[in-house]
$ cat final22.cif   # mmCIF, C-alpha atoms
data_model
#
loop_
_atom_site.label_atom_id
_atom_site.label_comp_id
_atom_site.auth_asym_id
_atom_site.auth_seq_id
_atom_site.Cartn_x
_atom_site.Cartn_y
_atom_site.Cartn_z
CA ASP A 290 91.61 149.16 94.16
CA ALA A 291 94.72 147.19 95.03
CA GLY A 292 94.41 143.48 94.54
CA VAL A 293 95.89 140.76 96.71
CA ILE A 294 99.52 141.63 97.30
CA GLN A 295 102.11 138.93 97.81
CA SER A 296 105.78 139.19 98.62
CA PRO A 297 108.36 138.23 97.69
CA ARG A 298 107.51 137.55 94.06
CA HIS A 299 110.55 135.35 93.62
CA GLU A 300 112.80 133.73 96.18
CA VAL A 301 115.73 131.39 95.86
CA THR A 302 116.98 129.93 99.10
CA GLU A 303 119.20 127.17 100.31
CA MET A 304 117.89 124.01 101.83
CA GLY A 305 117.48 124.36 105.57
CA GLN A 306 116.80 128.06 105.53
CA GLU A 307 113.60 129.63 106.83
CA VAL A 308 111.25 131.08 104.23
CA THR A 309 108.49 133.55 105.00
CA LEU A 310 105.88 134.41 102.40
CA ARG A 311 103.62 137.38 102.97
CA CYS A 312 100.13 138.29 101.85
CA LYS A 313 98.00 141.39 102.10
CA PRO A 314 94.37 140.56 101.22
CA ILE A 315 91.92 142.90 99.58
CA SER A 316 90.45 145.29 102.12
CA GLY A 317 87.06 144.10 103.35
CA HIS A 318 87.60 140.49 102.38
CA ASN A 319 86.97 138.09 105.26
CA SER A 320 88.46 134.84 103.95
CA LEU A 321 92.06 134.15 103.03
CA PHE A 322 93.50 131.09 101.33
CA TRP A 323 97.04 129.81 100.82
CA TYR A 324 97.63 127.49 97.86
CA ARG A 325 100.66 125.72 96.47
CA GLN A 326 100.98 124.92 92.76
CA THR A 327 103.36 122.39 91.25
CA MET A 328 103.37 120.56 87.95
CA MET A 329 103.00 117.21 89.67
CA ARG A 330 100.25 118.03 92.16
CA GLY A 331 98.44 120.98 90.62
CA LEU A 332 96.78 123.49 92.93
CA GLU A 333 96.69 122.35 96.54
CA LEU A 334 94.90 124.20 99.30
CA LEU A 335 97.24 124.49 102.25
CA ILE A 336 95.15 126.45 104.73
CA TYR A 337 92.35 128.94 104.85
CA PHE A 338 91.17 131.53 107.33
CA ASN A 339 87.80 133.11 107.98
CA ASN A 340 87.80 136.36 109.93
CA ASN A 341 91.48 135.76 110.79
CA VAL A 342 90.75 132.34 112.31
CA PRO A 343 92.28 129.22 110.72
CA ILE A 344 89.41 127.00 109.63
CA ASP A 345 91.07 124.13 107.79
CA ASP A 346 94.80 123.41 107.79
CA SER A 347 94.51 119.80 106.68
CA GLY A 348 96.44 120.62 103.52
CA MET A 349 99.54 121.82 105.33
CA PRO A 350 102.15 119.23 104.35
CA GLU A 351 103.92 118.82 107.68
CA ASP A 352 105.13 120.58 110.77
CA ARG A 353 107.68 122.53 108.78
CA PHE A 354 104.83 124.66 107.44
CA SER A 355 102.97 127.20 109.53
CA ALA A 356 100.60 130.03 108.71
CA LYS A 357 99.34 132.98 110.69
CA MET A 358 96.87 135.77 110.22
CA PRO A 359 97.41 138.24 113.05
CA ASN A 360 94.94 140.76 111.62
CA ALA A 361 92.55 141.26 108.73
CA SER A 362 95.18 142.83 106.49
CA PHE A 363 98.12 140.47 106.78
CA SER A 364 99.01 136.80 106.64
CA THR A 365 102.24 134.83 106.54
CA LEU A 366 103.19 131.35 105.43
CA LYS A 367 106.43 130.11 106.93
CA ILE A 368 108.52 127.11 105.97
CA GLN A 369 111.22 126.11 108.42
CA PRO A 370 113.44 124.36 107.49
CA SER A 371 112.91 124.53 103.75
CA GLU A 372 113.59 121.56 101.47
CA PRO A 373 114.01 121.28 97.68
CA ARG A 374 110.60 119.59 97.40
CA ASP A 375 109.02 122.80 98.70
CA SER A 376 109.90 124.50 95.41
CA ALA A 377 106.60 125.71 93.97
CA VAL A 378 104.46 128.73 93.34
CA TYR A 379 102.59 129.78 96.45
CA PHE A 380 99.38 131.72 95.93
CA CYS A 381 97.41 133.73 98.39
CA ALA A 382 93.76 134.48 97.64
CA SER A 383 91.16 136.52 99.47
CA SER A 384 87.41 136.39 99.35
CA PHE A 385 84.24 138.15 100.28
CA SER A 386 80.99 136.36 99.46
CA ASN A 387 81.14 135.18 95.85
CA THR A 388 84.33 136.93 94.87
CA ILE A 389 87.69 135.19 95.25
CA TYR A 390 90.79 136.91 93.91
CA PHE A 391 94.35 135.67 93.77
CA GLY A 392 97.66 137.38 94.22
CA GLU A 393 100.34 137.06 91.58
CA GLY A 394 102.07 134.28 93.49
CA SER A 395 105.43 133.80 95.17
CA TRP A 396 107.80 131.65 93.12
CA LEU A 397 109.95 129.71 95.57
CA THR A 398 113.04 127.73 94.62
CA VAL A 399 114.89 125.79 97.30
CA VAL A 400 118.32 124.58 96.22
CA ALA B 250 83.56 114.32 99.66
CA GLN B 251 83.74 117.33 97.39
CA LYS B 252 85.51 116.95 94.09
CA ILE B 253 86.02 118.80 90.82
CA THR B 254 86.89 116.90 87.65
CA GLN B 255 88.20 118.32 84.40
CA THR B 256 88.65 115.47 81.96
CA GLN B 257 90.29 117.37 79.11
CA PRO B 258 94.02 117.84 79.70
CA GLY B 259 94.37 119.82 76.49
CA MET B 260 92.15 121.42 73.88
CA PHE B 261 92.71 123.13 70.55
CA VAL B 262 90.38 125.66 68.95
CA GLN B 263 90.59 127.75 65.83
CA GLU B 264 90.67 131.48 66.30
CA LYS B 265 87.18 133.07 66.22
CA GLU B 266 85.45 129.76 66.94
CA ALA B 267 83.68 128.84 70.19
CA VAL B 268 85.06 126.25 72.59
CA THR B 269 83.61 124.41 75.58
CA LEU B 270 85.76 123.34 78.52
CA ASP B 271 84.22 120.59 80.62
CA CYS B 272 83.86 120.53 84.38
CA THR B 273 81.94 118.16 86.61
CA TYR B 274 81.64 118.41 90.33
CA ASP B 275 80.52 116.35 93.27
CA THR B 276 79.05 117.60 96.50
CA SER B 277 76.16 116.69 98.72
CA ASP B 278 75.72 120.24 99.96
CA PRO B 279 72.81 122.13 98.38
CA SER B 280 74.58 125.48 98.58
CA TYR B 281 77.77 125.91 96.59
CA GLY B 282 79.48 128.17 94.10
CA LEU B 283 81.34 127.33 90.94
CA PHE B 284 84.22 129.38 89.58
CA TRP B 285 86.40 129.45 86.51
CA TYR B 286 89.91 130.86 86.46
CA LYS B 287 92.36 131.47 83.66
CA GLN B 288 96.08 131.03 84.17
CA PRO B 289 98.19 132.34 81.28
CA SER B 290 101.83 131.42 80.88
CA SER B 291 102.79 134.38 83.05
CA GLY B 292 101.33 132.49 85.98
CA GLU B 293 98.68 134.73 87.53
CA MET B 294 95.23 133.35 88.34
CA ILE B 295 92.53 135.45 86.72
CA PHE B 296 88.92 135.14 87.87
CA LEU B 297 86.55 134.71 84.92
CA ILE B 298 83.06 133.79 86.02
CA TYR B 299 80.94 132.62 88.94
CA GLN B 300 77.75 130.53 89.19
CA GLY B 301 75.82 130.00 92.38
CA SER B 302 73.93 126.76 92.92
CA TYR B 303 70.65 128.60 93.36
CA ASP B 304 71.09 130.89 90.40
CA GLN B 305 68.27 130.37 87.94
CA GLN B 306 70.14 131.60 84.90
CA ASN B 307 73.50 130.64 83.47
CA ALA B 308 76.21 133.16 84.30
CA THR B 309 77.71 135.24 81.51
CA GLU B 310 80.65 137.63 81.46
CA GLY B 311 81.47 139.05 78.07
CA ARG B 312 82.69 136.20 75.86
CA TYR B 313 82.51 133.75 78.75
CA SER B 314 79.41 131.85 79.71
CA LEU B 315 78.85 128.99 82.09
CA ASN B 316 76.64 126.12 80.98
CA PHE B 317 75.27 125.05 84.35
CA GLN B 318 73.43 121.72 84.40
CA LYS B 319 72.65 121.07 88.02
CA ALA B 320 71.13 117.61 87.61
CA ARG B 321 74.22 116.45 85.75
CA LYS B 322 76.51 118.30 88.16
CA SER B 323 78.32 119.97 85.32
CA ALA B 324 79.53 123.54 84.92
CA ASN B 325 81.13 123.85 81.52
CA LEU B 326 82.83 127.05 80.42
CA VAL B 327 81.99 128.31 76.96
CA ILE B 328 84.32 130.81 75.32
CA SER B 329 82.86 132.42 72.23
CA ALA B 330 84.86 133.95 69.39
CA SER B 331 88.21 132.62 70.63
CA GLN B 332 91.18 134.93 70.52
CA LEU B 333 94.89 134.12 70.53
CA GLY B 334 95.10 135.66 73.99
CA ASP B 335 92.73 132.99 75.29
CA SER B 336 95.54 130.43 75.10
CA ALA B 337 96.08 129.48 78.73
CA MET B 338 95.33 126.93 81.43
CA TYR B 339 91.74 127.02 82.68
CA PHE B 340 90.69 125.83 86.12
CA CYS B 341 87.24 125.00 87.38
CA ALA B 342 86.74 125.38 91.12
CA MET B 343 84.00 124.85 93.68
CA ARG B 344 83.30 126.40 97.01
CA VAL B 345 80.80 124.82 99.33
CA GLU B 346 79.30 127.73 101.13
CA PRO B 347 77.63 127.18 104.42
CA GLY B 348 77.58 130.84 105.34
CA ASN B 349 80.26 131.64 102.75
CA THR B 350 82.90 129.90 104.82
CA GLY B 351 83.80 126.96 102.64
CA LYS B 352 87.14 126.22 101.08
CA LEU B 353 87.76 126.53 97.35
CA ILE B 354 88.86 123.32 95.64
CA PHE B 355 90.19 123.08 92.10
CA GLY B 356 90.12 120.66 89.21
CA GLN B 357 93.25 119.57 87.41
CA GLY B 358 92.94 122.18 84.70
CA THR B 359 92.60 122.21 80.93
CA THR B 360 95.20 123.72 78.63
CA LEU B 361 93.61 125.61 75.76
CA GLN B 362 95.53 126.52 72.66
CA VAL B 363 94.00 128.87 70.12
CA LYS B 364 95.26 128.40 66.59
CA PRO B 365 95.52 131.35 64.21
#
$ encode --input "final22.cif" --output "structure tokens"
Amino acid sequence: DAGVIQSPRHEVTEMGQEVTLRCKPISGHNSLFWYRQTMMRGLELLIYFNNNVPIDDSGMPEDRFSAKMPNASFSTLKIQPSEPRDSAVYFCASSFSNTIYFGEGSWLTVV
Amino acid sequence: AQKITQTQPGMFVQEKEAVTLDCTYDTSDPSYGLFWYKQPSSGEMIFLIYQGSYDQQNATEGRYSLNFQKARKSANLVISASQLGDSAMYFCAMRVEPGNTGKLIFGQGTTLQVKP
């Protein structure tokens, strides 16, 4: 079975540019999480969805961040405009019941 | 408020010995799940083990076991017979599960180094 698939794996972009991170959850999973990991702040939950509906977006840093889940097999996290402080690893995870699996992460560098 | 605390920033263990990584949690919900993840230097998050709050027995998965002490609100990870490949960051996490809809929150992590 394919795991959680994230793209791109690595992205370097200039400050002010739009960044879109993509996630394909495991088929049959009904919850999807977006996390950000930095050395300073550790793993932060940005937003999570249940059955494609956003449940808690209190971790989204500011209006520059937005996330969508148009269907059960796809989600995006968008940063517009990007800033150097957004540089981090962004993880997507999907869940069904007691199982929660992570993608390999998208390593974002904003210069 | 829900919280996960890992008080050991770093741990060392000799190869082939057992090691315990500490995790305490705080929640007022009676239904919750506890997870441990391993993050090697390559960066991926690897699921290790799960314990439900109503599970009567401690969870085990191969060399991993979870020492679940509900009254103390602790969920320590025990790794037996440590291997060099166990060197990694380990995260404890909790999901409060009213109908399996809760968010997953993480502790700060513990870095484990296995010495040959």
$ resolve_selection --input "final22.cif" --expression "the PyMOL selection byres ((chain A) within 10 of (chain B))" --output "JSON list (two decimals) with C-alpha atoms, in the coordinates of the input"
[["chain", "number", "residue", "atom", "x", "y", "z"],
["A", 319, "ASN", "CA", 86.97, 138.09, 105.26],
["A", 320, "SER", "CA", 88.46, 134.84, 103.95],
["A", 321, "LEU", "CA", 92.06, 134.15, 103.03],
["A", 322, "PHE", "CA", 93.50, 131.09, 101.33],
["A", 324, "TYR", "CA", 97.63, 127.49, 97.86],
["A", 330, "ARG", "CA", 100.25, 118.03, 92.16],
["A", 331, "GLY", "CA", 98.44, 120.98, 90.62],
["A", 332, "LEU", "CA", 96.78, 123.49, 92.93],
["A", 333, "GLU", "CA", 96.69, 122.35, 96.54],
["A", 334, "LEU", "CA", 94.90, 124.20, 99.30],
["A", 336, "ILE", "CA", 95.15, 126.45, 104.73],
["A", 337, "TYR", "CA", 92.35, 128.94, 104.85],
["A", 338, "PHE", "CA", 91.17, 131.53, 107.33],
["A", 339, "ASN", "CA", 87.80, 133.11, 107.98],
["A", 340, "ASN", "CA", 87.80, 136.36, 109.93],
["A", 344, "ILE", "CA", 89.41, 127.00, 109.63],
["A", 345, "ASP", "CA", 91.07, 124.13, 107.79],
["A", 378, "VAL", "CA", 104.46, 128.73, 93.34],
["A", 380, "PHE", "CA", 99.38, 131.72, 95.93],
["A", 382, "ALA", "CA", 93.76, 134.48, 97.64],
["A", 384, "SER", "CA", 87.41, 136.39, 99.35],
["A", 385, "PHE", "CA", 84.24, 138.15, 100.28],
["A", 386, "SER", "CA", 80.99, 136.36, 99.46],
["A", 387, "ASN", "CA", 81.14, 135.18, 95.85],
["A", 388, "THR", "CA", 84.33, 136.93, 94.87],
["A", 389, "ILE", "CA", 87.69, 135.19, 95.25],
["A", 390, "TYR", "CA", 90.79, 136.91, 93.91],
["A", 391, "PHE", "CA", 94.35, 135.67, 93.77],
["A", 392, "GLY", "CA", 97.66, 137.38, 94.22],
["A", 393, "GLU", "CA", 100.34, 137.06, 91.58],
["A", 394, "GLY", "CA", 102.07, 134.28, 93.49],
["A", 396, "TRP", "CA", 107.80, 131.65, 93.12]]
$ resolve_selection --input "final22.cif" --expression "the PyMOL selection byres ((chain A and resi 297) around 8)" --output "NGL selection string"
:A and (295-296 or 298-300 or 310-311 or 395)
$ resolve_selection --input "final22.cif" --expression "the PyMOL selection byres ((chain B and resi 338) around 8)" --output "JSON, numbers by chain"
{"B": [287, 288, 289, 290, 336, 337, 339, 340, 358, 359, 360, 361]}
$ closest_residue --input "final22.cif" --among "B:Cys272, B:Ala250, B:Ala342, B:Met260" --to "B:Arg321" --atoms "only C-alpha atoms"
B:Cys272
$ residues_around --input "final22.cif" --residues "A:Val301" --least-positions-apart "6" --cutoff "10 Å" --atoms "all atoms listed in the file" --output "list in words"
Val308, Ser376, Trp396, Leu397, Thr398, Val399 and Val400 of chain A
$ write_last_selection --input "final22.cif" --atoms "C-alpha atoms" --output "mmCIF file, keeping the file's coordinate frame"
data_model
loop_
_atom_site.group_PDB
_atom_site.id
_atom_site.type_symbol
_atom_site.label_atom_id
_atom_site.label_comp_id
_atom_site.auth_asym_id
_atom_site.auth_seq_id
_atom_site.Cartn_x
_atom_site.Cartn_y
_atom_site.Cartn_z
ATOM 1 C CA VAL A 308 111.250 131.080 104.230
ATOM 2 C CA SER A 376 109.900 124.500 95.410
ATOM 3 C CA TRP A 396 107.800 131.650 93.120
ATOM 4 C CA LEU A 397 109.950 129.710 95.570
ATOM 5 C CA THR A 398 113.040 127.730 94.620
ATOM 6 C CA VAL A 399 114.890 125.790 97.300
ATOM 7 C CA VAL A 400 118.320 124.580 96.220
#
$ decode --input "final22.cif" --residues "stretch 327-360 of chain A" --atoms "N, CA, C and O atoms" --output "mmCIF file, in the first residue's frame"
data_model
loop_
_atom_site.group_PDB
_atom_site.id
_atom_site.type_symbol
_atom_site.label_atom_id
_atom_site.label_comp_id
_atom_site.auth_asym_id
_atom_site.auth_seq_id
_atom_site.Cartn_x
_atom_site.Cartn_y
_atom_site.Cartn_z
ATOM 1 N N THR A 327 10.191 22.885 13.095
ATOM 2 C CA THR A 327 11.397 23.704 13.095
ATOM 3 C C THR A 327 12.204 23.357 14.339
ATOM 4 O O THR A 327 11.680 22.790 15.297
ATOM 5 N N MET A 328 13.460 23.707 14.325
ATOM 6 C CA MET A 328 14.305 23.458 15.487
ATOM 7 C C MET A 328 13.797 24.233 16.690
ATOM 8 O O MET A 328 13.793 23.746 17.809
ATOM 9 N N MET A 329 13.371 25.459 16.443
ATOM 10 C CA MET A 329 12.981 26.329 17.563
ATOM 11 C C MET A 329 11.654 25.923 18.184
ATOM 12 O O MET A 329 11.486 25.972 19.397
ATOM 13 N N ARG A 330 10.695 25.525 17.352
ATOM 14 C CA ARG A 330 9.330 25.344 17.839
ATOM 15 C C ARG A 330 8.864 23.893 17.838
ATOM 16 O O ARG A 330 7.749 23.605 18.260
ATOM 17 N N GLY A 331 9.725 22.996 17.340
ATOM 18 C CA GLY A 331 9.328 21.591 17.317
ATOM 19 C C GLY A 331 8.220 21.334 16.318
ATOM 20 O O GLY A 331 8.127 22.001 15.290
ATOM 21 N N LEU A 332 7.371 20.363 16.639
ATOM 22 C CA LEU A 332 6.263 19.981 15.759
ATOM 23 C C LEU A 332 5.014 20.763 16.141
ATOM 24 O O LEU A 332 4.493 20.617 17.234
ATOM 25 N N GLU A 333 4.533 21.548 15.212
ATOM 26 C CA GLU A 333 3.337 22.360 15.461
ATOM 27 C C GLU A 333 2.211 21.889 14.544
ATOM 28 O O GLU A 333 2.405 21.788 13.330
ATOM 29 N N LEU A 334 1.048 21.651 15.121
ATOM 30 C CA LEU A 334 -0.120 21.329 14.313
ATOM 31 C C LEU A 334 -0.660 22.617 13.706
ATOM 32 O O LEU A 334 -0.976 23.568 14.418
ATOM 33 N N LEU A 335 -0.767 22.623 12.389
ATOM 34 C CA LEU A 335 -1.292 23.810 11.712
ATOM 35 C C LEU A 335 -2.797 23.723 11.561
ATOM 36 O O LEU A 335 -3.535 24.640 11.901
ATOM 37 N N ILE A 336 -3.262 22.591 11.035
ATOM 38 C CA ILE A 336 -4.685 22.406 10.766
ATOM 39 C C ILE A 336 -4.957 20.927 10.639
ATOM 40 O O ILE A 336 -4.060 20.166 10.289
ATOM 41 N N TYR A 337 -6.189 20.519 10.972
ATOM 42 C CA TYR A 337 -6.558 19.158 10.635
ATOM 43 C C TYR A 337 -7.996 19.093 10.143
ATOM 44 O O TYR A 337 -8.824 19.929 10.484
ATOM 45 N N PHE A 338 -8.227 18.078 9.317
ATOM 46 C CA PHE A 338 -9.505 17.847 8.674
ATOM 47 C C PHE A 338 -10.058 16.488 9.114
ATOM 48 O O PHE A 338 -9.298 15.538 9.281
ATOM 49 N N ASN A 339 -11.365 16.420 9.262
ATOM 50 C CA ASN A 339 -12.053 15.148 9.376
ATOM 51 C C ASN A 339 -13.081 15.069 8.263
ATOM 52 O O ASN A 339 -13.877 15.996 8.089
ATOM 53 N N ASN A 340 -13.040 13.980 7.521
ATOM 54 C CA ASN A 340 -13.971 13.808 6.395
ATOM 55 C C ASN A 340 -13.996 15.052 5.503
ATOM 56 O O ASN A 340 -15.062 15.552 5.136
ATOM 57 N N ASN A 341 -12.813 15.557 5.211
ATOM 58 C CA ASN A 341 -12.589 16.698 4.302
ATOM 59 C C ASN A 341 -12.990 18.046 4.891
ATOM 60 O O ASN A 341 -12.869 19.070 4.205
ATOM 61 N N VAL A 342 -13.479 18.074 6.111
ATOM 62 C CA VAL A 342 -13.932 19.324 6.719
ATOM 63 C C VAL A 342 -12.873 19.829 7.692
ATOM 64 O O VAL A 342 -12.425 19.060 8.555
ATOM 65 N N PRO A 343 -12.459 21.098 7.588
ATOM 66 C CA PRO A 343 -11.482 21.608 8.553
ATOM 67 C C PRO A 343 -12.094 21.687 9.945
ATOM 68 O O PRO A 343 -13.161 22.274 10.126
ATOM 69 N N ILE A 344 -11.439 21.084 10.912
ATOM 70 C CA ILE A 344 -11.962 21.005 12.268
ATOM 71 C C ILE A 344 -11.296 22.054 13.175
ATOM 72 O O ILE A 344 -11.950 22.693 13.985
ATOM 73 N N ASP A 345 -9.993 22.190 13.039
ATOM 74 C CA ASP A 345 -9.256 23.075 13.927
ATOM 75 C C ASP A 345 -8.113 23.702 13.138
ATOM 76 O O ASP A 345 -7.177 23.006 12.757
ATOM 77 N N ASP A 346 -8.203 24.992 12.889
ATOM 78 C CA ASP A 346 -7.125 25.688 12.171
ATOM 79 C C ASP A 346 -6.454 26.716 13.075
ATOM 80 O O ASP A 346 -5.835 27.664 12.598
ATOM 81 N N SER A 347 -6.581 26.516 14.372
ATOM 82 C CA SER A 347 -6.029 27.489 15.314
ATOM 83 C C SER A 347 -4.510 27.574 15.260
ATOM 84 O O SER A 347 -3.921 28.544 15.716
ATOM 85 N N GLY A 348 -3.875 26.563 14.689
ATOM 86 C CA GLY A 348 -2.425 26.579 14.578
ATOM 87 C C GLY A 348 -1.896 27.259 13.331
ATOM 88 O O GLY A 348 -0.682 27.442 13.194
ATOM 89 N N MET A 349 -2.764 27.651 12.451
ATOM 90 C CA MET A 349 -2.321 28.344 11.229
ATOM 91 C C MET A 349 -1.761 29.702 11.644
ATOM 92 O O MET A 349 -2.455 30.508 12.272
ATOM 93 N N PRO A 350 -0.509 29.975 11.281
ATOM 94 C CA PRO A 350 0.173 31.157 11.826
ATOM 95 C C PRO A 350 -0.529 32.482 11.524
ATOM 96 O O PRO A 350 -0.637 33.326 12.382
ATOM 97 N N GLU A 351 -0.970 32.665 10.340
ATOM 98 C CA GLU A 351 -1.561 33.951 9.950
ATOM 99 C C GLU A 351 -2.261 33.791 8.620
ATOM 100 O O GLU A 351 -2.290 32.700 8.045
ATOM 101 N N ASP A 352 -2.809 34.892 8.148
ATOM 102 C CA ASP A 352 -3.614 34.836 6.932
ATOM 103 C C ASP A 352 -2.827 34.428 5.703
ATOM 104 O O ASP A 352 -3.415 34.083 4.678
ATOM 105 N N ARG A 353 -1.536 34.443 5.784
ATOM 106 C CA ARG A 353 -0.736 34.043 4.619
ATOM 107 C C ARG A 353 -0.847 32.540 4.366
ATOM 108 O O ARG A 353 -0.502 32.057 3.300
ATOM 109 N N PHE A 354 -1.288 31.800 5.368
ATOM 110 C CA PHE A 354 -1.402 30.352 5.258
ATOM 111 C C PHE A 354 -2.863 29.977 5.015
ATOM 112 O O PHE A 354 -3.769 30.484 5.672
ATOM 113 N N SER A 355 -3.058 29.051 4.096
ATOM 114 C CA SER A 355 -4.398 28.516 3.876
ATOM 115 C C SER A 355 -4.285 27.049 3.515
ATOM 116 O O SER A 355 -3.289 26.619 2.929
ATOM 117 N N ALA A 356 -5.297 26.281 3.855
ATOM 118 C CA ALA A 356 -5.294 24.853 3.545
ATOM 119 C C ALA A 356 -6.668 24.463 3.035
ATOM 120 O O ALA A 356 -7.682 24.983 3.487
ATOM 121 N N LYS A 357 -6.654 23.525 2.101
ATOM 122 C CA LYS A 357 -7.902 23.014 1.540
ATOM 123 C C LYS A 357 -7.844 21.505 1.432
ATOM 124 O O LYS A 357 -6.769 20.922 1.318
ATOM 125 N N MET A 358 -9.024 20.920 1.449
ATOM 126 C CA MET A 358 -9.135 19.483 1.192
ATOM 127 C C MET A 358 -10.378 19.291 0.339
ATOM 128 O O MET A 358 -11.473 19.038 0.870
ATOM 129 N N PRO A 359 -10.238 19.431 -0.963
ATOM 130 C CA PRO A 359 -11.406 19.386 -1.843
ATOM 131 C C PRO A 359 -12.052 18.013 -1.947
ATOM 132 O O PRO A 359 -13.239 17.921 -2.281
ATOM 133 N N ASN A 360 -11.269 16.961 -1.679
ATOM 134 C CA ASN A 360 -11.827 15.612 -1.689
ATOM 135 C C ASN A 360 -11.010 14.723 -0.768
ATOM 136 O O ASN A 360 -9.998 15.171 -0.206
#
